[in-house]
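J.: My structure file entry.cif, mmCIF, C-alpha atoms, is below:
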data_target
loop_
_atom_site.label_atom_id
_atom_site.label_comp_id
_atom_site.auth_asym_id
_atom_site.auth_seq_id
_atom_site.Cartn_x
_atom_site.Cartn_y
_atom_site.Cartn_z
CA MET N 1 -73.16 -19.64 -11.34
CA ILE N 2 -70.08 -18.84 -13.40
CA GLY N 3 -69.55 -20.60 -16.77
CA ILE N 4 -66.66 -22.86 -17.75
CA LEU N 5 -65.20 -20.29 -20.18
CA GLU N 6 -65.18 -17.53 -17.54
CA ALA N 7 -63.52 -19.90 -15.06
CA LEU N 8 -60.90 -20.66 -17.73
CA VAL N 9 -60.11 -16.98 -18.39
CA LEU N 10 -59.87 -16.21 -14.65
CA ALA N 11 -57.58 -19.20 -14.19
CA VAL N 12 -55.22 -17.99 -16.96
CA ALA N 13 -54.90 -14.60 -15.26
CA ALA N 14 -54.38 -16.19 -11.83
CA GLY N 15 -51.80 -18.65 -13.18
CA LEU N 16 -49.83 -15.81 -14.81
CA VAL N 17 -49.68 -13.65 -11.69
CA GLY N 18 -49.20 -16.71 -9.48
CA SER N 19 -46.16 -18.07 -11.26
CA ILE N 20 -44.42 -14.68 -11.39
CA LEU N 21 -44.84 -14.44 -7.61
CA GLY N 22 -44.21 -18.07 -6.71
CA LEU N 23 -47.82 -18.33 -5.58
CA GLY N 24 -50.08 -21.09 -6.77
CA GLY N 25 -52.50 -18.49 -8.08
CA ALA N 26 -55.32 -19.97 -5.99
CA MET N 27 -55.02 -17.15 -3.44
CA ILE N 28 -56.34 -14.88 -6.18
CA LEU N 29 -58.65 -17.39 -7.86
CA THR N 30 -60.43 -18.85 -4.81
CA PRO N 31 -62.10 -15.65 -3.53
CA ILE N 32 -63.16 -14.74 -7.10
CA LEU N 33 -64.78 -18.15 -7.64
CA VAL N 34 -66.48 -17.93 -4.24
CA TYR N 35 -67.74 -14.49 -5.26
CA PHE N 36 -69.33 -16.12 -8.33
CA GLY N 37 -71.16 -18.65 -6.17
CA VAL N 38 -68.88 -21.70 -6.19
CA PRO N 39 -68.96 -23.32 -2.69
CA ILE N 40 -65.68 -22.70 -0.84
CA LYS N 41 -64.83 -26.35 -0.10
CA TYR N 42 -65.23 -27.36 -3.75
CA THR N 43 -63.15 -24.37 -4.80
CA ILE N 44 -60.43 -25.45 -2.40
CA GLY N 45 -60.53 -29.05 -3.67
CA ALA N 46 -60.35 -27.99 -7.33
CA SER N 47 -57.69 -25.36 -6.61
CA MET N 48 -55.49 -27.93 -4.91
CA VAL N 49 -55.46 -29.94 -8.18
CA ALA N 50 -55.02 -26.83 -10.35
CA ILE N 51 -52.01 -25.75 -8.28
CA ILE N 52 -50.20 -28.93 -9.34
CA ALA N 53 -50.63 -27.76 -12.95
CA THR N 54 -49.23 -24.29 -12.20
CA SER N 55 -46.22 -25.77 -10.48
CA SER N 56 -45.55 -28.37 -13.18
CA GLY N 57 -45.87 -25.79 -15.94
CA SER N 58 -43.38 -23.31 -14.56
CA ALA N 59 -41.22 -25.66 -12.44
CA SER N 60 -39.79 -27.38 -15.53
CA SER N 61 -38.84 -24.01 -17.00
CA TYR N 62 -37.17 -22.83 -13.76
CA VAL N 63 -35.26 -26.12 -13.36
CA ARG N 64 -34.00 -25.76 -16.94
CA ASP N 65 -32.82 -22.22 -16.18
CA GLY N 66 -31.03 -23.53 -13.07
CA LEU N 67 -33.02 -21.24 -10.80
CA SER N 68 -34.60 -23.88 -8.52
CA ASN N 69 -32.48 -25.28 -5.70
CA ILE N 70 -33.56 -28.92 -5.84
CA ARG N 71 -31.75 -30.02 -2.67
CA ALA N 72 -33.32 -27.24 -0.60
CA ALA N 73 -36.69 -28.05 -2.21
CA PHE N 74 -36.69 -31.68 -1.11
CA PHE N 75 -35.39 -30.92 2.38
CA LEU N 76 -38.14 -28.32 2.88
CA GLU N 77 -40.76 -30.61 1.34
CA LEU N 78 -40.31 -32.93 4.34
CA PHE N 79 -42.05 -30.24 6.39
CA THR N 80 -44.57 -28.85 3.87
CA SER N 81 -46.01 -32.25 2.88
CA VAL N 82 -46.82 -33.16 6.50
CA GLY N 83 -48.27 -29.67 7.01
CA ALA N 84 -50.41 -29.95 3.86
CA ILE N 85 -51.89 -33.28 4.88
CA ALA N 86 -52.65 -31.96 8.38
CA GLY N 87 -54.19 -28.78 6.93
CA ALA N 88 -56.38 -30.64 4.44
CA LEU N 89 -57.60 -32.95 7.20
CA ILE N 90 -58.56 -29.92 9.32
CA THR N 91 -60.58 -28.38 6.45
CA SER N 92 -62.19 -31.68 5.50
CA PHE N 93 -63.19 -32.78 8.98
CA LEU N 94 -63.37 -29.64 11.12
CA VAL N 95 -65.39 -26.54 10.30
CA PRO N 96 -62.94 -23.74 9.55
CA ALA N 97 -63.38 -20.91 12.06
CA PRO N 98 -63.83 -17.38 10.64
CA TYR N 99 -60.99 -16.02 12.74
CA LEU N 100 -58.67 -18.20 10.71
CA TYR N 101 -58.78 -15.51 8.00
CA PHE N 102 -57.49 -12.96 10.50
CA PHE N 103 -54.67 -15.30 11.43
CA PHE N 104 -53.63 -15.48 7.78
CA ALA N 105 -54.01 -11.75 7.30
CA ALA N 106 -51.65 -11.26 10.26
CA PHE N 107 -49.23 -13.81 8.82
CA LEU N 108 -49.28 -12.09 5.42
CA ALA N 109 -48.78 -8.73 7.11
CA THR N 110 -45.61 -10.08 8.77
CA SER N 111 -44.34 -11.16 5.34
CA PHE N 112 -45.25 -7.75 3.96
CA TYR N 113 -43.20 -5.88 6.56
CA GLY N 114 -40.29 -8.27 6.26
CA LEU N 115 -40.11 -7.89 2.50
CA ALA N 116 -40.83 -4.16 2.50
CA GLY N 117 -37.72 -3.71 4.66
CA ARG N 118 -35.70 -5.75 2.22
CA VAL N 119 -36.87 -3.79 -0.81
CA ARG N 120 -35.32 -0.72 0.78
CA ASN N 121 -32.18 -2.55 1.87
CA GLY N 122 -31.77 -4.72 -1.21
CA PRO N 123 -31.24 -8.49 -1.13
CA THR N 124 -28.92 -9.81 1.55
CA THR N 125 -27.54 -13.22 0.72
CA SER N 126 -25.78 -15.10 3.48
CA SER N 127 -22.07 -15.71 3.16
CA THR N 128 -21.80 -18.00 6.18
CA GLN N 129 -23.48 -21.38 6.46
CA ASP N 130 -24.38 -23.23 9.63
CA ALA N 131 -23.21 -26.83 10.12
CA LEU N 132 -26.45 -28.49 8.92
CA ALA N 133 -26.63 -26.36 5.76
CA ARG N 134 -23.00 -27.34 5.01
CA THR N 135 -23.77 -31.02 5.61
CA LEU N 136 -26.81 -30.79 3.34
CA LYS N 137 -24.76 -28.93 0.68
CA LEU N 138 -27.33 -26.14 0.51
CA GLU N 139 -25.74 -23.76 -1.97
CA GLY N 140 -25.91 -22.96 -5.65
CA SER N 141 -25.55 -20.41 -8.39
CA TYR N 142 -27.63 -18.91 -11.16
CA VAL N 143 -27.22 -16.46 -14.02
CA ASP N 144 -28.90 -13.14 -13.35
CA HIS N 145 -30.51 -12.21 -16.67
CA PRO N 146 -30.51 -8.40 -16.71
CA SER N 147 -26.80 -8.25 -15.80
CA GLY N 148 -25.66 -11.61 -17.19
CA ASN N 149 -23.57 -12.17 -14.04
CA GLU N 150 -23.34 -15.53 -12.30
CA VAL N 151 -24.63 -15.15 -8.74
CA ARG N 152 -23.31 -17.69 -6.21
CA TYR N 153 -25.12 -18.15 -2.91
CA GLN N 154 -24.96 -20.22 0.26
CA LEU N 155 -28.01 -21.02 2.35
CA THR N 156 -28.18 -21.24 6.12
CA ARG N 157 -30.49 -22.22 9.02
CA PRO N 158 -32.43 -25.02 7.25
CA LEU N 159 -33.72 -26.40 10.55
CA LEU N 160 -35.15 -23.03 11.54
CA ALA N 161 -36.91 -22.85 8.15
CA GLY N 162 -38.54 -26.26 8.83
CA PRO N 163 -41.30 -25.10 11.22
CA GLY N 164 -42.00 -22.12 8.95
CA MET N 165 -42.39 -24.48 6.01
CA PHE N 166 -44.69 -26.72 8.08
CA VAL N 167 -46.94 -23.71 8.72
CA ALA N 168 -46.78 -22.85 5.00
CA GLY N 169 -47.86 -26.41 4.20
CA LEU N 170 -50.61 -26.26 6.81
CA ALA N 171 -51.99 -23.03 5.30
CA ALA N 172 -51.71 -24.51 1.80
CA GLY N 173 -53.59 -27.66 2.76
CA MET N 174 -56.28 -25.83 4.71
CA LEU N 175 -57.08 -23.14 2.16
CA GLY N 176 -56.23 -24.92 -1.09
CA ILE N 177 -53.51 -22.43 -1.89
CA GLY N 178 -49.92 -22.84 -3.01
CA GLY N 179 -48.64 -21.15 0.12
CA GLY N 180 -45.92 -19.65 -2.08
CA ALA N 181 -46.04 -16.29 -0.27
CA PHE N 182 -45.13 -17.98 3.03
CA LYS N 183 -42.60 -20.30 1.45
CA THR N 184 -40.79 -17.57 -0.46
CA THR N 185 -40.66 -15.39 2.65
CA VAL N 186 -39.26 -18.18 4.84
CA GLN N 187 -36.66 -19.12 2.24
CA GLU N 188 -35.52 -15.53 1.79
CA LEU N 189 -35.63 -14.29 5.37
CA VAL N 190 -34.54 -17.42 7.26
CA MET N 191 -32.31 -19.22 4.76
CA GLY N 192 -30.93 -16.20 2.92
CA MET N 193 -32.09 -17.44 -0.49
CA PRO N 194 -31.96 -14.94 -3.37
CA SER N 195 -35.45 -13.73 -4.37
CA LYS N 196 -35.60 -15.38 -7.78
CA VAL N 197 -34.22 -18.68 -6.50
CA ALA N 198 -36.80 -18.59 -3.67
CA THR N 199 -39.64 -18.05 -6.16
CA ALA N 200 -38.44 -20.84 -8.46
CA THR N 201 -37.76 -23.27 -5.58
CA SER N 202 -41.14 -22.45 -4.05
CA ASN N 203 -42.81 -23.27 -7.37
CA PHE N 204 -41.02 -26.63 -7.44
CA ILE N 205 -42.18 -27.43 -3.88
CA ILE N 206 -45.77 -26.27 -4.42
CA GLY N 207 -46.69 -29.11 -6.79
CA MET N 208 -45.57 -31.80 -4.33
CA THR N 209 -47.25 -30.03 -1.39
CA ALA N 210 -50.48 -29.65 -3.38
CA LEU N 211 -50.39 -33.35 -4.25
CA ALA N 212 -50.19 -34.18 -0.54
CA GLY N 213 -53.18 -31.91 0.19
CA ALA N 214 -55.14 -33.07 -2.88
CA SER N 215 -54.96 -36.68 -1.69
CA VAL N 216 -57.15 -35.73 1.28
CA TYR N 217 -59.66 -33.73 -0.81
CA PHE N 218 -59.94 -36.61 -3.27
CA SER N 219 -60.91 -39.12 -0.62
CA SER N 220 -63.21 -36.59 1.06
CA GLY N 221 -65.24 -36.31 -2.18
CA LEU N 222 -64.58 -32.60 -2.62
CA VAL N 223 -63.06 -32.65 -6.12
CA TYR N 224 -65.39 -31.87 -9.05
CA LEU N 225 -63.64 -32.71 -12.32
CA ASN N 226 -65.54 -30.13 -14.41
CA LEU N 227 -64.32 -27.42 -12.04
CA ALA N 228 -60.79 -28.79 -11.59
CA ALA N 229 -60.19 -29.17 -15.38
CA PRO N 230 -60.72 -25.54 -16.51
CA LEU N 231 -58.76 -24.32 -13.49
CA ALA N 232 -55.89 -26.70 -14.25
CA ILE N 233 -55.80 -25.76 -17.97
CA GLY N 234 -56.07 -22.03 -17.27
CA THR N 235 -53.43 -21.92 -14.55
CA THR N 236 -51.02 -24.02 -16.63
CA VAL N 237 -51.30 -21.68 -19.62
CA GLY N 238 -50.94 -18.66 -17.33
CA SER N 239 -47.96 -20.11 -15.49
CA LEU N 240 -46.13 -20.97 -18.72
CA ILE N 241 -46.42 -17.34 -19.82
CA GLY N 242 -45.36 -16.19 -16.33
CA ALA N 243 -42.28 -18.42 -16.26
CA ARG N 244 -41.06 -16.82 -19.49
CA PHE N 245 -41.18 -13.38 -17.84
CA LEU N 246 -39.52 -14.11 -14.47
CA PRO N 247 -35.88 -14.58 -15.53
CA ARG N 248 -36.01 -11.19 -17.29
CA LEU N 249 -37.48 -9.25 -14.39
CA LYS N 250 -35.19 -7.37 -12.03
CA ASP N 251 -35.13 -8.54 -8.41
CA ARG N 252 -36.58 -5.26 -7.20
CA THR N 253 -39.43 -5.41 -9.73
CA VAL N 254 -40.36 -8.88 -8.47
CA ARG N 255 -40.31 -7.65 -4.86
CA VAL N 256 -42.41 -4.54 -5.45
CA PHE N 257 -44.97 -6.51 -7.47
CA PHE N 258 -44.98 -9.12 -4.70
CA LEU N 259 -45.66 -6.41 -2.10
CA VAL N 260 -48.63 -5.00 -4.02
CA VAL N 261 -50.20 -8.45 -4.34
CA LEU N 262 -49.53 -9.16 -0.64
CA ALA N 263 -51.35 -5.93 0.29
CA VAL N 264 -54.38 -6.98 -1.77
CA LEU N 265 -54.37 -10.44 -0.19
CA ILE N 266 -54.20 -9.01 3.34
CA ALA N 267 -57.22 -6.78 2.62
CA GLU N 268 -59.05 -9.74 1.09
CA MET N 269 -58.38 -11.98 4.11
CA VAL N 270 -59.58 -9.32 6.57
CA TYR N 271 -62.71 -8.76 4.47
CA LYS N 272 -63.44 -12.51 4.35
CA GLY N 273 -63.01 -12.78 8.10
CA LEU N 274 -65.21 -9.77 8.83
CA THR N 275 -68.04 -11.00 6.60
CA GLN N 276 -68.06 -14.42 8.21
CA VAL N 277 -67.90 -13.53 11.90
CA MET O 1 -54.02 -30.53 -20.40
CA VAL O 2 -54.85 -31.74 -23.92
CA LEU O 3 -56.92 -34.56 -22.42
CA GLU O 4 -58.78 -32.17 -20.12
CA SER O 5 -59.45 -29.74 -23.00
CA ALA O 6 -60.65 -32.61 -25.21
CA GLY O 7 -62.93 -33.82 -22.41
CA LEU O 8 -64.43 -30.36 -21.85
CA LEU O 9 -64.88 -29.82 -25.60
CA MET O 10 -66.46 -33.25 -26.05
CA ASN O 11 -68.82 -32.52 -23.15
CA TYR O 12 -69.81 -29.23 -24.77
CA LEU O 13 -70.40 -30.85 -28.17
CA GLN O 14 -72.46 -33.66 -26.64
CA THR O 15 -74.52 -31.64 -24.18
CA GLY O 16 -74.11 -27.99 -25.19
CA GLU O 17 -73.39 -27.37 -21.52
CA THR O 18 -71.20 -24.34 -20.73
CA SER O 19 -72.20 -23.64 -17.14
CA LEU O 20 -70.30 -25.07 -14.18
CA ALA O 21 -73.03 -27.40 -12.97
CA LEU O 22 -71.55 -29.17 -9.95
CA SER O 23 -73.63 -32.32 -10.27
CA PRO O 24 -72.69 -35.59 -8.51
CA GLY O 25 -71.83 -37.06 -11.91
CA TRP O 26 -68.76 -34.83 -12.10
CA LEU O 27 -67.48 -35.73 -8.65
CA ALA O 28 -64.13 -37.56 -8.67
CA GLY O 29 -65.80 -39.94 -6.22
CA GLN O 30 -64.64 -41.09 -2.83
CA GLY O 31 -61.82 -43.48 -2.04
CA ASN O 32 -58.11 -42.92 -2.38
CA PHE O 33 -56.31 -41.51 -5.41
CA PHE O 34 -55.01 -44.88 -6.60
CA ASP O 35 -58.62 -46.21 -6.68
CA PHE O 36 -59.58 -43.17 -8.75
CA ALA O 37 -56.64 -43.75 -11.11
CA ARG O 38 -57.58 -47.43 -11.48
CA ARG O 39 -61.24 -46.57 -12.23
CA THR O 40 -60.07 -43.92 -14.69
CA PHE O 41 -57.82 -46.26 -16.66
CA ALA O 42 -60.60 -48.87 -16.71
CA GLY O 43 -63.09 -46.22 -17.89
CA VAL O 44 -60.83 -44.96 -20.69
CA SER O 45 -60.04 -48.47 -21.93
CA SER O 46 -63.76 -49.21 -22.26
CA GLY O 47 -64.36 -46.13 -24.43
CA ALA O 48 -63.67 -42.39 -24.32
CA ASP O 49 -66.35 -40.20 -22.79
CA PRO O 50 -65.94 -36.62 -21.46
CA PHE O 51 -65.66 -37.72 -17.82
CA SER O 52 -63.02 -40.38 -18.57
CA LEU O 53 -60.91 -38.01 -20.67
CA ILE O 54 -60.92 -35.29 -18.02
CA ALA O 55 -60.32 -37.86 -15.27
CA LEU O 56 -57.33 -39.19 -17.24
CA GLY O 57 -55.97 -35.65 -17.62
CA ILE O 58 -56.30 -35.03 -13.87
CA THR O 59 -54.71 -38.42 -13.09
CA VAL O 60 -51.70 -37.69 -15.33
CA LEU O 61 -51.45 -34.21 -13.82
CA MET O 62 -51.37 -35.57 -10.27
CA LEU O 63 -48.84 -38.24 -11.22
CA THR O 64 -46.41 -35.55 -12.54
CA PRO O 65 -45.06 -34.33 -9.16
CA TYR O 66 -45.24 -37.91 -7.90
CA ALA O 67 -43.02 -39.05 -10.78
CA ARG O 68 -40.66 -36.16 -10.01
CA ILE O 69 -40.25 -37.44 -6.44
CA VAL O 70 -39.65 -41.03 -7.65
CA ALA O 71 -37.08 -39.72 -10.15
CA ALA O 72 -35.29 -37.82 -7.35
CA VAL O 73 -35.14 -40.95 -5.15
CA VAL O 74 -33.66 -42.93 -8.07
CA TYR O 75 -31.24 -40.13 -9.03
CA TYR O 76 -29.79 -39.62 -5.55
CA SER O 77 -29.59 -43.39 -4.99
CA LEU O 78 -27.64 -43.83 -8.25
CA GLU O 79 -25.40 -40.91 -7.26
CA ARG O 80 -24.86 -42.70 -3.91
CA ASP O 81 -25.83 -39.47 -2.18
CA TRP O 82 -27.42 -41.36 0.69
CA LYS O 83 -28.41 -38.25 2.66
CA TYR O 84 -30.60 -37.00 -0.17
CA ALA O 85 -31.71 -40.53 -1.12
CA LEU O 86 -33.12 -40.77 2.43
CA ILE O 87 -34.66 -37.27 2.35
CA THR O 88 -36.37 -37.84 -1.03
CA PHE O 89 -37.50 -41.33 0.01
CA THR O 90 -39.08 -39.89 3.18
CA VAL O 91 -40.98 -37.32 1.08
CA PHE O 92 -42.05 -40.18 -1.23
CA ALA O 93 -43.24 -42.23 1.78
CA ILE O 94 -45.23 -39.33 3.31
CA ILE O 95 -47.02 -38.54 0.04
CA THR O 96 -47.64 -42.21 -0.82
CA LEU O 97 -49.20 -42.78 2.60
CA GLY O 98 -51.39 -39.70 2.01
CA LEU O 99 -52.50 -40.97 -1.40
CA LEU O 100 -53.20 -44.45 -0.05
CA PHE O 101 -54.87 -43.88 3.29
CA LEU O 102 -56.33 -40.39 3.41
#
Please go through the file and, once you have read it, give me the structure as structure tokens.
T.:
Amino acid sequence: MIGILEALVLAVAAGLVGSILGLGGAMILTPILVYFGVPIKYTIGASMVAIIATSSGSASSYVRDGLSNIRAAFFLELFTSVGAIAGALITSFLVPAPYLYFFFAAFLATSFYGLAGRVRNGPTTSSTQDALARTLKLEGSYVDHPSGNEVRYQLTRPLLAGPGMFVAGLAAGMLGIGGGAFKTTVQELVMGMPSKVATATSNFIIGMTALAGASVYFSSGLVYLNLAAPLAIGTTVGSLIGARFLPRLKDRTVRVFFLVVLAVLIAEMVYKGLTQV
Amino acid sequence: MVLESAGLLMNYLQTGETSLALSPGWLAGQGNFFDFARRTFAGVSSGADPFSLIALGITVLMLTPYARIVAAVVYYSLERDWKYALITFTVFAIITLGLLFL
């Protein structure tokens, strides 16, 4: 079994990569911990708590920089919190089927192709809002660091993003992950959110979604404090370092990095599925 | 984070334990989160031990996003932005029900 110090170091690395990508970091950390012999359900329970730390660490920094869209975050949280609770209940009370990994690999692959297309085409922010987005005042602006320009944006199709965010929450709750990859993709592709705003907003949402999922793991007796603590400390430290980097990275750099990590995650999900069938 | 680090360090100094032994003693226990928080505060007030310190750190950590939601409900209510007061309150209700009953 892995030691506390090793778990801490792995968590720092996962938190760093996770916060740059708007992921909770658990997608990277969970399979590594399982590889070192930590039972999957305990890893999921501890990860769910650690994700709150990642989100809290970087969310405050993003909010300060004006990157997170708080209104969009709370509207979308309506869907992710219900999804997270449902997902955590499924993992706690139903045996997860191996083909579930294939489902996620397919889902990640869809995100991969969607984003790969947009790396070539560049970001497309929507200039027209639908009626609900106007009513909900879903718009904002942020200062793009490399250029120093203020970027104004309007979001659209919030209702269409809802089911996508529910699925993101469901995946988060079931696998003890942030679900940031799904969330960022939905926000960008459906709502027309700029990449950096999507990452920052996703980070803000992740903490609340993880709290909803963690409530189920707590009552199911799946949270070991000596596992949750080093993961929480490590991911927080990692995410604080990551949040310092994000505003300085170019949009394209974030996307390409995001694509590489997505490719690794797809391979990992397929491998997990194949070894468990 | 400081509390969790202190708890882990204290555990190491007391037991010399560095492996991740997932023994029942380290389990957060069953019952809802508010029960856990109540037990934690009671445990800390009766003396600091590694488990209590880490449990307190985890409790504070979990209360952070919860406090953020409460703050949003209060903010939008004070701003008389009733649409978002309702949206944030609904999120608060969903998560509170989860923490209480699941």
J.: What are the residues of chain N that have an atom within 7 Å of an atom of chain O, counting only C-alpha atoms, as a PyMOL selection string?
T.: chain N and resi 1-4+52-53+74-75+77-78+81+207-208+211-212+215-216+218-221+223-227+229+233
J.: Neighbours of Ile32 of chain N within 10 Å (only C-alpha atoms; same-chain residues fewer than 5 positions away dropped), as a list in words?
T.: Ala7, Leu10, Ala26, Met27, Gly37, Val38 and Thr43 of chain N
J.: Which one is closest to Tyr75 of chain O: N:Ser47, N:Gln276, N:Val9, N:Ile70? Count all atoms listed in the file.
T.: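 Checking each of N:Ser47, N:Gln276, N:Val9, N:Ile70 against Tyr75 of chain O, counting all atoms listed in the file, the winner is N:Ile70.
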J.: With the file shown as input, list the residues that the PyMOL selection byres ((chain N and resi 141) around 7) selects, as a VMD selection string.
T.: chain N and resid 140 142 150 to 153
J.: Take the residues from that selection and put them in a file with C-alpha atoms, as a PDB file, keeping the file's coordinate frame.
T.:
ATOM      1  CA  GLY N 140     -25.910 -22.960  -5.650  1.00  0.00           C
ATOM      2  CA  TYR N 142     -27.630 -18.910 -11.160  1.00  0.00           C
ATOM      3  CA  GLU N 150     -23.340 -15.530 -12.300  1.00  0.00           C
ATOM      4  CA  VAL N 151     -24.630 -15.150  -8.740  1.00  0.00           C
ATOM      5  CA  ARG N 152     -23.310 -17.690  -6.210  1.00  0.00           C
ATOM      6  CA  TYR N 153     -25.120 -18.150  -2.910  1.00  0.00           C
TER       7      TYR N 153
END
J.: Take atom CA of Ala181 of chain N and atom CA of Phe36 of chain N and report the distance between them in Å, one decimal.
T.: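 Distance reported for this atom pair: 24.6 Å.
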J.: Can you work out which one of O:Ala71, O:Asp81, O:Gly47, O:Arg38 has the shortest atom-to-atom distance to Lys137 of chain N, counting only C-alpha atoms?
T.: O:Asp81
J.: Enumerate, as a ChimeraX atom specification, the protein, DNA and RNA residues whose atoms approach (-49.8, -22.0, 1.4) to within 9 Å, taking into account only C-alpha atoms and the coordinate frame of the file.
T.: /N:23-24,27,80,84,167-183,206,209
J.: Go ahead and save the residues from that selection, with C-alpha atoms, as a PDB file, in the coordinates of the input.
T.:
ATOM      1  CA  LEU N  23     -47.820 -18.330  -5.580  1.00  0.00           C
ATOM      2  CA  GLY N  24     -50.080 -21.090  -6.770  1.00  0.00           C
ATOM      3  CA  MET N  27     -55.020 -17.150  -3.440  1.00  0.00           C
ATOM      4  CA  THR N  80     -44.570 -28.850   3.870  1.00  0.00           C
ATOM      5  CA  ALA N  84     -50.410 -29.950   3.860  1.00  0.00           C
ATOM      6  CA  VAL N 167     -46.940 -23.710   8.720  1.00  0.00           C
ATOM      7  CA  ALA N 168     -46.780 -22.850   5.000  1.00  0.00           C
ATOM      8  CA  GLY N 169     -47.860 -26.410   4.200  1.00  0.00           C
ATOM      9  CA  LEU N 170     -50.610 -26.260   6.810  1.00  0.00           C
ATOM     10  CA  ALA N 171     -51.990 -23.030   5.300  1.00  0.00           C
ATOM     11  CA  ALA N 172     -51.710 -24.510   1.800  1.00  0.00           C
ATOM     12  CA  GLY N 173     -53.590 -27.660   2.760  1.00  0.00           C
ATOM     13  CA  MET N 174     -56.280 -25.830   4.710  1.00  0.00           C
ATOM     14  CA  LEU N 175     -57.080 -23.140   2.160  1.00  0.00           C
ATOM     15  CA  GLY N 176     -56.230 -24.920  -1.090  1.00  0.00           C
ATOM     16  CA  ILE N 177     -53.510 -22.430  -1.890  1.00  0.00           C
ATOM     17  CA  GLY N 178     -49.920 -22.840  -3.010  1.00  0.00           C
ATOM     18  CA  GLY N 179     -48.640 -21.150   0.120  1.00  0.00           C
ATOM     19  CA  GLY N 180     -45.920 -19.650  -2.080  1.00  0.00           C
ATOM     20  CA  ALA N 181     -46.040 -16.290  -0.270  1.00  0.00           C
ATOM     21  CA  PHE N 182     -45.130 -17.980   3.030  1.00  0.00           C
ATOM     22  CA  LYS N 183     -42.600 -20.300   1.450  1.00  0.00           C
ATOM     23  CA  ILE N 206     -45.770 -26.270  -4.420  1.00  0.00           C
ATOM     24  CA  THR N 209     -47.250 -30.030  -1.390  1.00  0.00           C
TER      25      THR N 209
END
J.: Can you measure atom CA of Asp130 of chain N to atom CA of Leu155 of chain N for me? One decimal in Å is fine.
T.: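 Distance between the two atoms: 8.4 Å.
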J.: Within 9 Å of (-56.6, -22.6, -14.0) in the file's own coordinates, which protein, DNA or RNA residues have an atom, counting all atoms listed in the file? List them as a list in words.
T.: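 Residues with an atom at most 9 Å from (-56.6, -22.6, -14.0): Ala7, Leu8, Val9, Leu10, Ala11, Val12, Ala13, Ala14, Gly15, Gly25, Ala26, Leu29, Ser47, Ala50, Ile51, Ala53, Thr54, Ala228, Ala229, Pro230, Leu231, Ala232, Ile233, Gly234, Thr235, Thr236, Val237 and Gly238 of chain N.
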